[in-house]
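Below is data-v4.csv, which holds CSV, C-alpha atoms.
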chain,number,residue,atom,x,y,z
A,1430,MET,CA,10.2,-22.2,-27.3
A,1431,SER,CA,9.9,-19.1,-29.5
A,1432,ILE,CA,6.3,-18.7,-28.4
A,1433,ILE,CA,7.3,-18.7,-24.8
A,1434,THR,CA,10.0,-16.2,-25.4
A,1435,SER,CA,7.9,-13.7,-27.3
A,1436,ARG,CA,5.2,-14.1,-24.7
A,1437,GLU,CA,7.6,-13.3,-21.9
A,1438,ARG,CA,9.1,-10.4,-23.9
A,1439,LEU,CA,5.6,-9.0,-24.4
A,1440,LEU,CA,4.8,-9.2,-20.7
A,1441,GLN,CA,8.1,-7.6,-19.8
A,1442,ALA,CA,7.4,-4.8,-22.3
A,1443,ALA,CA,3.9,-4.3,-20.8
A,1444,VAL,CA,5.4,-4.1,-17.2
A,1445,GLU,CA,8.0,-1.5,-18.4
A,1446,ALA,CA,5.4,0.6,-20.3
A,1447,PHE,CA,2.8,0.5,-17.4
A,1448,ALA,CA,5.5,1.4,-14.9
A,1449,GLU,CA,6.7,4.3,-16.9
A,1450,LYS,CA,3.5,5.8,-18.3
A,1451,GLY,CA,0.7,4.2,-16.3
A,1452,PHE,CA,-1.8,1.9,-17.7
A,1453,THR,CA,-4.2,4.5,-19.2
A,1454,ALA,CA,-1.5,6.4,-21.1
A,1455,THR,CA,0.1,3.3,-22.5
A,1456,THR,CA,-0.9,2.1,-26.0
A,1457,THR,CA,-0.7,-1.3,-27.5
A,1458,ARG,CA,1.7,0.2,-30.0
A,1459,ASP,CA,4.0,1.4,-27.1
A,1460,ILE,CA,4.1,-2.2,-25.8
A,1461,ALA,CA,4.7,-3.7,-29.3
A,1462,THR,CA,7.6,-1.2,-29.9
A,1463,ARG,CA,9.3,-2.0,-26.6
A,1464,ALA,CA,8.9,-5.8,-27.3
A,1465,GLY,CA,10.2,-5.4,-30.9
A,1466,MET,CA,7.0,-6.7,-32.3
A,1467,SER,CA,4.3,-5.4,-34.6
A,1468,PRO,CA,1.0,-4.4,-33.0
A,1469,ALA,CA,-0.6,-7.2,-35.0
A,1470,ALA,CA,1.8,-9.7,-33.3
A,1471,VAL,CA,0.7,-8.4,-29.9
A,1472,TYR,CA,-2.9,-9.1,-30.7
A,1473,VAL,CA,-2.1,-12.8,-31.4
A,1474,HIS,CA,-1.4,-13.1,-27.6
A,1475,HIS,CA,-3.6,-10.5,-26.1
A,1476,ASP,CA,-6.7,-8.9,-27.7
A,1477,THR,CA,-6.7,-5.9,-25.4
A,1478,LYS,CA,-4.3,-3.9,-23.3
A,1479,GLU,CA,-6.4,-4.9,-20.3
A,1480,SER,CA,-5.7,-8.5,-21.0
A,1481,LEU,CA,-2.0,-7.8,-20.7
A,1482,LEU,CA,-2.5,-6.1,-17.4
A,1483,PHE,CA,-4.6,-9.0,-16.2
A,1484,THR,CA,-1.9,-11.5,-17.2
A,1485,VAL,CA,0.7,-9.4,-15.3
A,1486,SER,CA,-1.7,-9.3,-12.3
A,1487,VAL,CA,-2.4,-13.1,-12.4
A,1488,GLU,CA,1.2,-14.0,-12.7
A,1489,GLY,CA,2.2,-11.6,-9.9
A,1490,HIS,CA,-0.4,-13.0,-7.5
A,1491,GLN,CA,0.3,-16.6,-8.4
A,1492,ALA,CA,4.0,-16.1,-7.7
A,1493,ALA,CA,3.3,-14.4,-4.4
A,1494,LEU,CA,0.9,-17.1,-3.4
A,1495,ALA,CA,3.4,-19.8,-4.3
A,1496,VAL,CA,6.1,-18.1,-2.3
A,1497,ILE,CA,3.9,-17.9,0.9
A,1498,ARG,CA,2.5,-21.5,0.4
A,1499,THR,CA,6.0,-22.9,0.0
A,1500,ALA,CA,7.2,-21.1,3.1
A,1501,ALA,CA,4.1,-22.3,5.1
A,1502,ALA,CA,5.0,-25.9,4.2
A,1503,ILE,CA,8.4,-26.0,5.8
A,1504,GLU,CA,9.2,-28.4,8.6
A,1505,GLY,CA,9.5,-26.9,12.0
A,1506,ASP,CA,7.5,-25.2,14.7
A,1507,HIS,CA,4.8,-22.5,14.2
A,1508,VAL,CA,7.2,-19.7,15.0
A,1509,ALA,CA,9.8,-20.9,12.5
A,1510,ARG,CA,7.0,-21.3,9.9
A,1511,LEU,CA,5.7,-17.7,10.4
A,1512,ARG,CA,9.2,-16.3,10.3
A,1513,GLN,CA,9.9,-18.0,7.0
A,1514,MET,CA,6.6,-16.9,5.5
A,1515,VAL,CA,7.0,-13.3,6.3
A,1516,ARG,CA,10.7,-13.3,5.3
A,1517,GLU,CA,9.9,-14.8,1.9
A,1518,PHE,CA,6.8,-12.7,1.3
A,1519,SER,CA,8.6,-9.4,2.1
A,1520,THR,CA,11.6,-10.4,0.0
A,1521,TRP,CA,9.3,-11.1,-2.9
A,1522,HIS,CA,7.6,-7.8,-2.6
A,1523,ALA,CA,10.8,-5.9,-2.4
A,1524,VAL,CA,12.4,-7.6,-5.3
A,1525,ASN,CA,9.2,-7.4,-7.4
A,1526,SER,CA,8.2,-3.9,-6.3
A,1527,ARG,CA,7.7,-2.6,-9.8
A,1528,VAL,CA,5.3,-5.4,-10.8
A,1529,GLY,CA,3.7,-5.0,-7.3
A,1530,ARG,CA,3.0,-1.3,-7.9
A,1531,ILE,CA,1.4,-1.9,-11.2
A,1532,VAL,CA,-0.8,-4.7,-9.9
A,1533,GLN,CA,-2.0,-2.7,-7.0
A,1534,TYR,CA,-2.2,0.8,-8.5
A,1535,GLU,CA,-4.0,-0.3,-11.7
A,1536,PHE,CA,-6.3,-2.8,-10.1
A,1537,ASP,CA,-9.3,-0.6,-10.9
A,1538,ALA,CA,-8.4,-0.7,-14.7
A,1539,LEU,CA,-9.3,-4.5,-14.7
A,1540,THR,CA,-12.7,-5.6,-15.8
A,1541,PRO,CA,-15.1,-6.6,-13.0
A,1542,GLU,CA,-14.6,-10.3,-13.8
A,1543,HIS,CA,-10.9,-10.0,-13.7
A,1544,ARG,CA,-11.0,-7.9,-10.5
A,1545,ALA,CA,-13.0,-10.8,-8.9
A,1546,GLU,CA,-10.4,-13.3,-10.0
A,1547,ILE,CA,-7.6,-11.3,-8.5
A,1548,ALA,CA,-9.5,-10.7,-5.3
A,1549,ASP,CA,-9.8,-14.5,-5.1
A,1550,TYR,CA,-6.0,-14.8,-5.2
A,1551,ARG,CA,-5.8,-12.2,-2.4
A,1552,ARG,CA,-8.2,-14.2,-0.3
A,1553,GLN,CA,-6.1,-17.4,-0.9
A,1554,ILE,CA,-3.0,-15.6,0.3
A,1555,GLU,CA,-4.8,-14.3,3.4
A,1556,ARG,CA,-6.1,-17.8,4.1
A,1557,VAL,CA,-2.6,-19.3,4.1
A,1558,MET,CA,-1.6,-16.8,6.8
A,1559,ARG,CA,-4.8,-17.3,8.8
A,1560,ASP,CA,-4.4,-21.0,8.8
A,1561,VAL,CA,-0.9,-20.9,10.1
A,1562,LEU,CA,-2.0,-18.4,12.9
A,1563,SER,CA,-5.0,-20.5,13.8
A,1564,ALA,CA,-2.9,-23.7,14.0
A,1565,GLY,CA,-0.4,-21.9,16.3
A,1566,VAL,CA,-3.2,-20.5,18.5
A,1567,ALA,CA,-4.7,-24.0,18.9
A,1568,ASP,CA,-1.3,-25.3,20.0
A,1569,GLY,CA,-0.6,-22.4,22.4
A,1570,ALA,CA,2.3,-21.2,20.3
A,1571,PHE,CA,0.5,-18.0,19.3
A,1572,ASP,CA,-1.6,-15.7,21.4
A,1573,VAL,CA,-3.8,-13.9,18.8
A,1574,VAL,CA,-7.3,-12.7,19.5
A,1575,ASP,CA,-8.2,-11.5,16.1
A,1576,VAL,CA,-6.7,-14.0,13.6
A,1577,PRO,CA,-8.1,-12.5,10.3
A,1578,GLY,CA,-7.2,-8.9,11.4
A,1579,THR,CA,-3.7,-9.9,12.5
A,1580,ALA,CA,-3.1,-12.0,9.4
A,1581,ARG,CA,-4.0,-9.0,7.3
A,1582,ALA,CA,-1.8,-6.7,9.4
A,1583,ILE,CA,1.2,-9.0,9.0
A,1584,LEU,CA,0.7,-9.2,5.2
A,1585,SER,CA,0.5,-5.4,5.1
A,1586,LEU,CA,4.1,-5.1,6.3
A,1587,SER,CA,5.2,-6.9,3.1
A,1588,ILE,CA,2.7,-5.5,0.7
A,1589,ASP,CA,3.3,-1.9,1.6
A,1590,LEU,CA,7.0,-2.4,0.6
A,1591,VAL,CA,5.9,-1.9,-3.1
A,1592,ARG,CA,5.1,1.7,-2.2
A,1593,TRP,CA,8.3,2.7,-0.6
A,1594,PHE,CA,11.1,0.1,-1.2
A,1595,SER,CA,13.9,1.2,-3.4
A,1596,PRO,CA,16.7,-1.0,-4.6
A,1597,ARG,CA,18.9,2.1,-4.2
A,1598,ALA,CA,18.1,2.6,-0.5
A,1599,SER,CA,20.6,1.9,2.2
A,1600,THR,CA,18.6,-1.0,3.7
A,1601,SER,CA,18.6,-4.2,1.8
A,1602,ALA,CA,15.6,-6.3,1.0
A,1603,GLY,CA,17.0,-9.1,3.2
A,1604,ASP,CA,17.4,-6.9,6.2
A,1605,ILE,CA,13.9,-5.5,5.9
A,1606,ALA,CA,12.5,-9.0,5.4
A,1607,GLN,CA,14.3,-10.2,8.5
A,1608,LEU,CA,12.9,-7.3,10.6
A,1609,HIS,CA,9.4,-8.0,9.3
A,1610,ALA,CA,9.7,-11.6,10.4
A,1611,GLU,CA,10.8,-10.6,13.9
A,1612,LEU,CA,7.9,-8.1,14.1
A,1613,ALA,CA,5.4,-10.7,13.0
A,1614,VAL,CA,6.7,-13.0,15.8
A,1615,ARG,CA,6.3,-10.2,18.3
A,1616,MET,CA,2.8,-9.6,17.1
A,1617,THR,CA,1.7,-13.2,17.6
A,1618,THR,CA,3.6,-14.9,20.4
A,1619,PRO,CA,2.6,-14.8,24.0
A,1620,ARG,CA,4.0,-11.9,26.1
A,1621,SER,CA,5.3,-14.2,28.9
A,1622,PRO,CA,7.0,-17.5,28.0
A,1623,SER,CA,4.4,-20.3,28.0
B,925,MET,CA,-16.5,32.8,1.6
B,926,SER,CA,-17.7,31.9,-1.9
B,927,ILE,CA,-14.1,31.5,-3.0
B,928,ILE,CA,-13.5,28.9,-0.3
B,929,THR,CA,-16.6,27.1,-1.2
B,930,SER,CA,-15.9,26.8,-4.9
B,931,ARG,CA,-12.3,25.8,-4.1
B,932,GLU,CA,-13.5,22.9,-1.9
B,933,ARG,CA,-16.2,22.0,-4.5
B,934,LEU,CA,-13.5,21.8,-7.1
B,935,LEU,CA,-11.2,19.6,-5.0
B,936,GLN,CA,-14.1,17.3,-4.1
B,937,ALA,CA,-14.9,17.0,-7.8
B,938,ALA,CA,-11.3,16.2,-8.6
B,939,VAL,CA,-11.2,13.5,-6.0
B,940,GLU,CA,-14.4,12.0,-7.4
B,941,ALA,CA,-13.1,12.1,-11.0
B,942,PHE,CA,-9.7,10.7,-10.2
B,943,ALA,CA,-11.2,7.9,-8.0
B,944,GLU,CA,-13.6,6.9,-10.8
B,945,LYS,CA,-11.6,7.3,-14.0
B,946,GLY,CA,-7.9,7.6,-12.8
B,947,PHE,CA,-5.8,10.7,-13.1
B,948,THR,CA,-4.8,10.1,-16.8
B,949,ALA,CA,-8.3,9.5,-18.1
B,950,THR,CA,-9.7,12.5,-16.3
B,951,THR,CA,-10.0,15.8,-18.2
B,952,THR,CA,-10.3,19.3,-16.7
B,953,ARG,CA,-13.7,19.4,-18.3
B,954,ASP,CA,-14.8,16.3,-16.3
B,955,ILE,CA,-13.8,18.0,-13.1
B,956,ALA,CA,-15.5,21.3,-14.1
B,957,THR,CA,-18.7,19.5,-15.0
B,958,ARG,CA,-18.8,17.6,-11.7
B,959,ALA,CA,-18.1,20.9,-9.8
B,960,GLY,CA,-20.8,22.7,-11.7
B,961,MET,CA,-18.3,25.1,-13.1
B,962,SER,CA,-17.0,26.2,-16.5
B,963,PRO,CA,-13.5,24.9,-17.5
B,964,ALA,CA,-12.5,28.5,-17.5
B,965,ALA,CA,-13.5,28.8,-13.8
B,966,VAL,CA,-11.3,25.8,-13.0
B,967,TYR,CA,-8.3,27.5,-14.5
B,968,VAL,CA,-8.8,30.5,-12.1
B,969,HIS,CA,-7.8,28.1,-9.3
B,970,HIS,CA,-5.6,25.6,-11.0
B,971,ASP,CA,-3.7,26.0,-14.3
B,972,THR,CA,-3.3,22.2,-14.8
B,973,LYS,CA,-4.9,19.0,-13.8
B,974,GLU,CA,-1.6,18.1,-12.2
B,975,SER,CA,-1.9,21.1,-9.9
B,976,LEU,CA,-5.3,19.8,-8.7
B,977,LEU,CA,-3.7,16.4,-8.0
B,978,PHE,CA,-0.9,18.1,-6.1
B,979,THR,CA,-3.3,20.1,-4.0
B,980,VAL,CA,-5.3,16.9,-3.1
B,981,SER,CA,-1.9,15.2,-2.2
B,982,VAL,CA,-0.7,18.1,-0.1
B,983,GLU,CA,-3.9,18.5,1.8
B,984,GLY,CA,-4.1,14.7,2.4
B,985,HIS,CA,-0.5,14.5,3.7
B,986,GLN,CA,-1.0,17.7,5.8
B,987,ALA,CA,-4.1,16.2,7.4
B,988,ALA,CA,-2.4,12.8,8.1
B,989,LEU,CA,0.7,14.6,9.5
B,990,ALA,CA,-1.5,16.8,11.8
B,991,VAL,CA,-3.4,13.7,13.0
B,992,ILE,CA,-0.2,11.9,14.0
B,993,ARG,CA,1.4,15.0,15.5
B,994,THR,CA,-1.6,15.8,17.6
B,995,ALA,CA,-1.7,12.2,18.9
B,996,ALA,CA,2.0,12.3,19.6
B,997,ALA,CA,1.5,15.3,21.8
B,998,ILE,CA,-0.9,13.8,24.3
B,999,GLU,CA,-0.1,13.6,28.0
B,1000,GLY,CA,0.7,10.1,29.2
B,1001,ASP,CA,3.4,7.4,29.0
B,1002,HIS,CA,5.1,6.2,25.8
B,1003,VAL,CA,2.8,3.3,25.3
B,1004,ALA,CA,-0.3,5.4,25.6
B,1005,ARG,CA,1.2,7.8,23.1
B,1006,LEU,CA,2.1,5.1,20.6
B,1007,ARG,CA,-1.4,3.6,21.0
B,1008,GLN,CA,-3.1,6.9,20.4
B,1009,MET,CA,-0.9,7.7,17.3
B,1010,VAL,CA,-1.6,4.3,15.6
B,1011,ARG,CA,-5.3,4.4,16.5
B,1012,GLU,CA,-5.7,7.9,15.0
B,1013,PHE,CA,-3.5,7.3,12.0
B,1014,SER,CA,-5.3,4.1,11.1
B,1015,THR,CA,-8.7,5.6,11.6
B,1016,TRP,CA,-7.7,8.5,9.3
B,1017,HIS,CA,-6.6,6.2,6.6
B,1018,ALA,CA,-9.7,4.1,6.8
B,1019,VAL,CA,-12.1,7.1,6.7
B,1020,ASN,CA,-10.1,8.8,3.9
B,1021,SER,CA,-9.3,5.6,2.0
B,1022,ARG,CA,-10.5,7.1,-1.3
B,1023,VAL,CA,-8.2,10.2,-1.1
B,1024,GLY,CA,-5.4,7.9,0.2
B,1025,ARG,CA,-5.7,5.7,-2.8
B,1026,ILE,CA,-5.5,8.6,-5.3
B,1027,VAL,CA,-2.6,10.1,-3.4
B,1028,GLN,CA,-0.6,6.9,-3.4
B,1029,TYR,CA,-1.6,5.4,-6.8
B,1030,GLU,CA,-1.1,8.7,-8.8
B,1031,PHE,CA,2.1,9.8,-7.1
B,1032,ASP,CA,4.1,9.2,-10.3
B,1033,ALA,CA,1.8,11.6,-12.2
B,1034,LEU,CA,3.1,14.5,-10.1
B,1035,THR,CA,6.0,16.7,-11.4
B,1036,PRO,CA,9.4,15.9,-9.9
B,1037,GLU,CA,9.3,19.1,-7.8
B,1038,HIS,CA,5.8,18.2,-6.5
B,1039,ARG,CA,6.9,14.6,-5.8
B,1040,ALA,CA,9.8,15.9,-3.8
B,1041,GLU,CA,7.5,18.1,-1.7
B,1042,ILE,CA,5.2,15.1,-1.0
B,1043,ALA,CA,8.2,12.9,-0.1
B,1044,ASP,CA,9.1,15.5,2.4
B,1045,TYR,CA,5.7,15.3,4.1
B,1046,ARG,CA,6.2,11.5,4.2
B,1047,ARG,CA,9.6,11.9,5.9
B,1048,GLN,CA,8.0,14.3,8.5
B,1049,ILE,CA,5.4,11.6,9.3
B,1050,GLU,CA,8.1,9.0,9.7
B,1051,ARG,CA,10.1,11.4,11.9
B,1052,VAL,CA,7.2,11.8,14.3
B,1053,MET,CA,7.0,8.0,14.8
B,1054,ARG,CA,10.7,7.6,15.0
B,1055,ASP,CA,11.0,10.3,17.7
B,1056,VAL,CA,8.4,8.7,19.8
B,1057,LEU,CA,10.0,5.3,19.5
B,1058,SER,CA,13.5,6.7,20.2
B,1059,ALA,CA,12.2,8.5,23.4
B,1060,GLY,CA,10.6,5.3,24.6
B,1061,VAL,CA,13.8,3.3,23.9
B,1062,ALA,CA,15.8,5.9,25.9
B,1063,ASP,CA,13.4,5.5,28.9
B,1064,GLY,CA,13.3,1.7,28.6
B,1065,ALA,CA,9.6,1.6,27.8
B,1066,PHE,CA,10.4,0.3,24.3
B,1067,ASP,CA,12.7,-2.4,23.2
B,1068,VAL,CA,13.3,-1.6,19.5
B,1069,VAL,CA,16.6,-2.4,17.8
B,1070,ASP,CA,15.8,-0.9,14.4
B,1071,VAL,CA,13.9,2.3,15.1
B,1072,PRO,CA,13.5,3.6,11.5
B,1073,GLY,CA,12.5,0.2,10.2
B,1074,THR,CA,10.1,-0.4,13.0
B,1075,ALA,CA,8.6,3.1,12.6
B,1076,ARG,CA,8.0,2.4,8.9
B,1077,ALA,CA,6.5,-1.0,9.6
B,1078,ILE,CA,4.0,0.4,12.1
B,1079,LEU,CA,3.0,3.1,9.7
B,1080,SER,CA,2.5,0.4,7.0
B,1081,LEU,CA,-0.3,-1.1,9.0
B,1082,SER,CA,-2.3,2.1,8.7
B,1083,ILE,CA,-1.2,3.1,5.2
B,1084,ASP,CA,-2.0,-0.3,3.6
B,1085,LEU,CA,-5.6,0.2,4.8
B,1086,VAL,CA,-6.3,2.5,1.7
B,1087,ARG,CA,-5.7,-0.6,-0.5
B,1088,TRP,CA,-8.2,-3.0,1.2
B,1089,PHE,CA,-10.4,-1.1,3.7
B,1090,SER,CA,-14.1,-0.9,2.6
B,1091,PRO,CA,-16.7,1.0,4.6
B,1092,ARG,CA,-19.0,-1.8,3.6
B,1093,ALA,CA,-16.9,-4.5,5.2
B,1094,SER,CA,-18.0,-6.2,8.4
B,1095,THR,CA,-15.1,-4.8,10.5
B,1096,SER,CA,-15.3,-1.2,11.5
B,1097,ALA,CA,-12.6,1.4,11.1
B,1098,GLY,CA,-12.5,1.7,14.9
B,1099,ASP,CA,-12.0,-2.0,15.5
B,1100,ILE,CA,-9.2,-2.2,13.0
B,1101,ALA,CA,-7.5,0.9,14.4
B,1102,GLN,CA,-7.7,-0.6,17.9
B,1103,LEU,CA,-6.1,-3.8,16.7
B,1104,HIS,CA,-3.3,-1.9,14.9
B,1105,ALA,CA,-2.6,0.0,18.2
B,1106,GLU,CA,-2.3,-3.2,20.1
B,1107,LEU,CA,-0.1,-4.8,17.4
B,1108,ALA,CA,2.2,-1.7,17.5
B,1109,VAL,CA,2.5,-2.0,21.3
B,1110,ARG,CA,3.5,-5.7,20.8
B,1111,MET,CA,6.0,-4.8,18.2
B,1112,THR,CA,7.8,-2.3,20.5
B,1113,THR,CA,7.5,-3.2,24.2
B,1114,PRO,CA,9.9,-5.5,26.0
B,1115,ARG,CA,8.9,-9.2,26.0
B,1116,SER,CA,9.2,-9.6,29.8
B,1117,PRO,CA,7.9,-6.8,32.0
B,1118,SER,CA,10.7,-4.4,32.9
Would you kindly transcribe this structure into structure tokens?
Amino acid sequence: MSIITSRERLLQAAVEAFAEKGFTATTTRDIATRAGMSPAAVYVHHDTKESLLFTVSVEGHQAALAVIRTAAAIEGDHVARLRQMVREFSTWHAVNSRVGRIVQYEFDALTPEHRAEIADYRRQIERVMRDVLSAGVADGAFDVVDVPGTARAILSLSIDLVRWFSPRASTSAGDIAQLHAELAVRMTTPRSPS
Amino acid sequence: MSIITSRERLLQAAVEAFAEKGFTATTTRDIATRAGMSPAAVYVHHDTKESLLFTVSVEGHQAALAVIRTAAAIEGDHVARLRQMVREFSTWHAVNSRVGRIVQYEFDALTPEHRAEIADYRRQIERVMRDVLSAGVADGAFDVVDVPGTARAILSLSIDLVRWFSPRASTSAGDIAQLHAELAVRMTTPRSPS
């Protein structure tokens, strides 16, 4: 229990420090201070600052992957499924825009092995979207010529939120997510009713 | 003539250094060495490393704004105009993905005054897209309920390219730009022919 708590406190402190100062300018001591721990205690969990960034990146990608997979598993037709996926994926990126920015902007600070592991999560997320589009094309629910390109474009709507979304803006995460879901349906469904 | 050349060489060296090491880890000496100049010569043009980042950001945003403005000024109907804008804006982001990444990922390293100036360029780019959508809605060529949200979503397709586009990938910048243009048309035109 206390191990889980200090681990979470440490990751939270890392996110705060990376968001405020950037990965390069952050020291292990900064993170320790924010977490109310000694630098030695930090090393118990993470031997390098990069390993903290990697953990933040893995947990972020795992959470985003879980969100889109859960949405893809709902009962209902292809259009309802796509709408749910985009709505949930955009909401997640708006709500977690700070973690999302770190994970995207500091990607190059990861070791090559860690970058490869994160790239694999990204491919899994794209695969979920491609599979749903392909199934809908096979059933005639979707009219999509370039499935991989369209899958990526739909995901871009959500992912680019981390660059510009602000919780202080006039438009809520829910409204933006709803708009993205409708735009994704427009991008994929036949122009004339089939 | 020689002033322009050394200025461009300097900016090019800054882009290379920032792309490779990140803004924080780059020193003025790194940039000078890459440009084949003395650190003192760098200070003639830029008194701080931040001022180099700002110049790269301003020039990048000015170029992207010019590209979308030029496209928005073509003869033709609303759909042709939108298609041209998205095609050109996506092509620009794919071809300039390295500069685009620096400008996006290091945005927080700018001074507050410089961030405000860059944010203004972003608003101008959004305004060009919003104006074209609004004109099309007024004429019945477009069916868009949320013009600002949809304008942003269309721009996201292009901007998110800097995160994932690789000149070594199997899909060309031209093909991706063409797909984005078609998706933007789908996002904005009425579902049944008007």
List the neighbours of stretch 1495-1506 of chain A out to 8 Å using all atoms listed in the file; skip same-chain residues closer than 3 positions along the sequence, and give me the result as number ranges by chain.
-> A: 1491-1492, 1509-1511, 1513-1515, 1517-1518, 1521, 1554, 1557, 1561
Could you dump the residues just selected with C-alpha atoms as a PDB file, in the frame of the given file?
ATOM      1  CA  GLN A1491       0.300 -16.600  -8.400  1.00  0.00           C
ATOM      2  CA  ALA A1492       4.000 -16.100  -7.700  1.00  0.00           C
ATOM      3  CA  ALA A1509       9.800 -20.900  12.500  1.00  0.00           C
ATOM      4  CA  ARG A1510       7.000 -21.300   9.900  1.00  0.00           C
ATOM      5  CA  LEU A1511       5.700 -17.700  10.400  1.00  0.00           C
ATOM      6  CA  GLN A1513       9.900 -18.000   7.000  1.00  0.00           C
ATOM      7  CA  MET A1514       6.600 -16.900   5.500  1.00  0.00           C
ATOM      8  CA  VAL A1515       7.000 -13.300   6.300  1.00  0.00           C
ATOM      9  CA  GLU A1517       9.900 -14.800   1.900  1.00  0.00           C
ATOM     10  CA  PHE A1518       6.800 -12.700   1.300  1.00  0.00           C
ATOM     11  CA  TRP A1521       9.300 -11.100  -2.900  1.00  0.00           C
ATOM     12  CA  ILE A1554      -3.000 -15.600   0.300  1.00  0.00           C
ATOM     13  CA  VAL A1557      -2.600 -19.300   4.100  1.00  0.00           C
ATOM     14  CA  VAL A1561      -0.900 -20.900  10.100  1.00  0.00           C
TER      15      VAL A1561
END
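Near stretch 929-944 of chain B, within a cut-off of 7 Å and counting all atoms listed in the file, sit the residues Met925, Ser926, Phe947, Thr950, Asp954, Ile955, Arg958, Ala959, Leu976, Val980, Arg1022, Val1023 and Ile1026 of chain B, with same-chain residues fewer than 3 positions away left out.
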Using all atoms listed in the file, find the residues of chain A whose closest atom to chain B is at most 6 Å away, then write them as a ChimeraX atom specification.
-> /A:1534,1582,1585-1586,1589,1612,1615-1616,1620
Which residues are near stretch 1558-1560 of chain A? Cut-off 8 Å, only C-alpha atoms, ignore same chain within fewer than 2 positions. Put them as a compact mmCIF listing (two decimals) with C-alpha atoms, in the coordinates of the input.
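Saved the output as around04.txt:
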# COMPACT_ATOMS: atom_id res chain seq x y z
CA ILE A 1554 -3.00 -15.60 0.30
CA GLU A 1555 -4.80 -14.30 3.40
CA ARG A 1556 -6.10 -17.80 4.10
CA LEU A 1562 -2.00 -18.40 12.90
CA SER A 1563 -5.00 -20.50 13.80
CA ALA A 1564 -2.90 -23.70 14.00
CA VAL A 1576 -6.70 -14.00 13.60
CA PRO A 1577 -8.10 -12.50 10.30
CA ALA A 1580 -3.10 -12.00 9.40
Quick one: pull the distance between atom CA of A:Tyr1472 and atom CA of A:Glu1542, Å, one decimal.
-> 20.6 Å
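For the set A:Gly1529, A:Gly1603, A:Pro1468, A:Pro1596, the residue with the smallest atom-to-atom gap to A:Arg1516 is A:Gly1603, counting all atoms listed in the file.
Atom CA of B:Ser981 lies 9.5 Å from atom CA of B:Arg1039.
Going from atom CA of A:Ala1461 over to atom CA of A:Leu1539, you cover 20.2 Å.
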May I ask which of the residues A:Asp1476, A:Val1591, A:Thr1456, A:Val1487 is the closest one to A:Arg1551, counting all atoms listed in the file?
-> A:Val1487
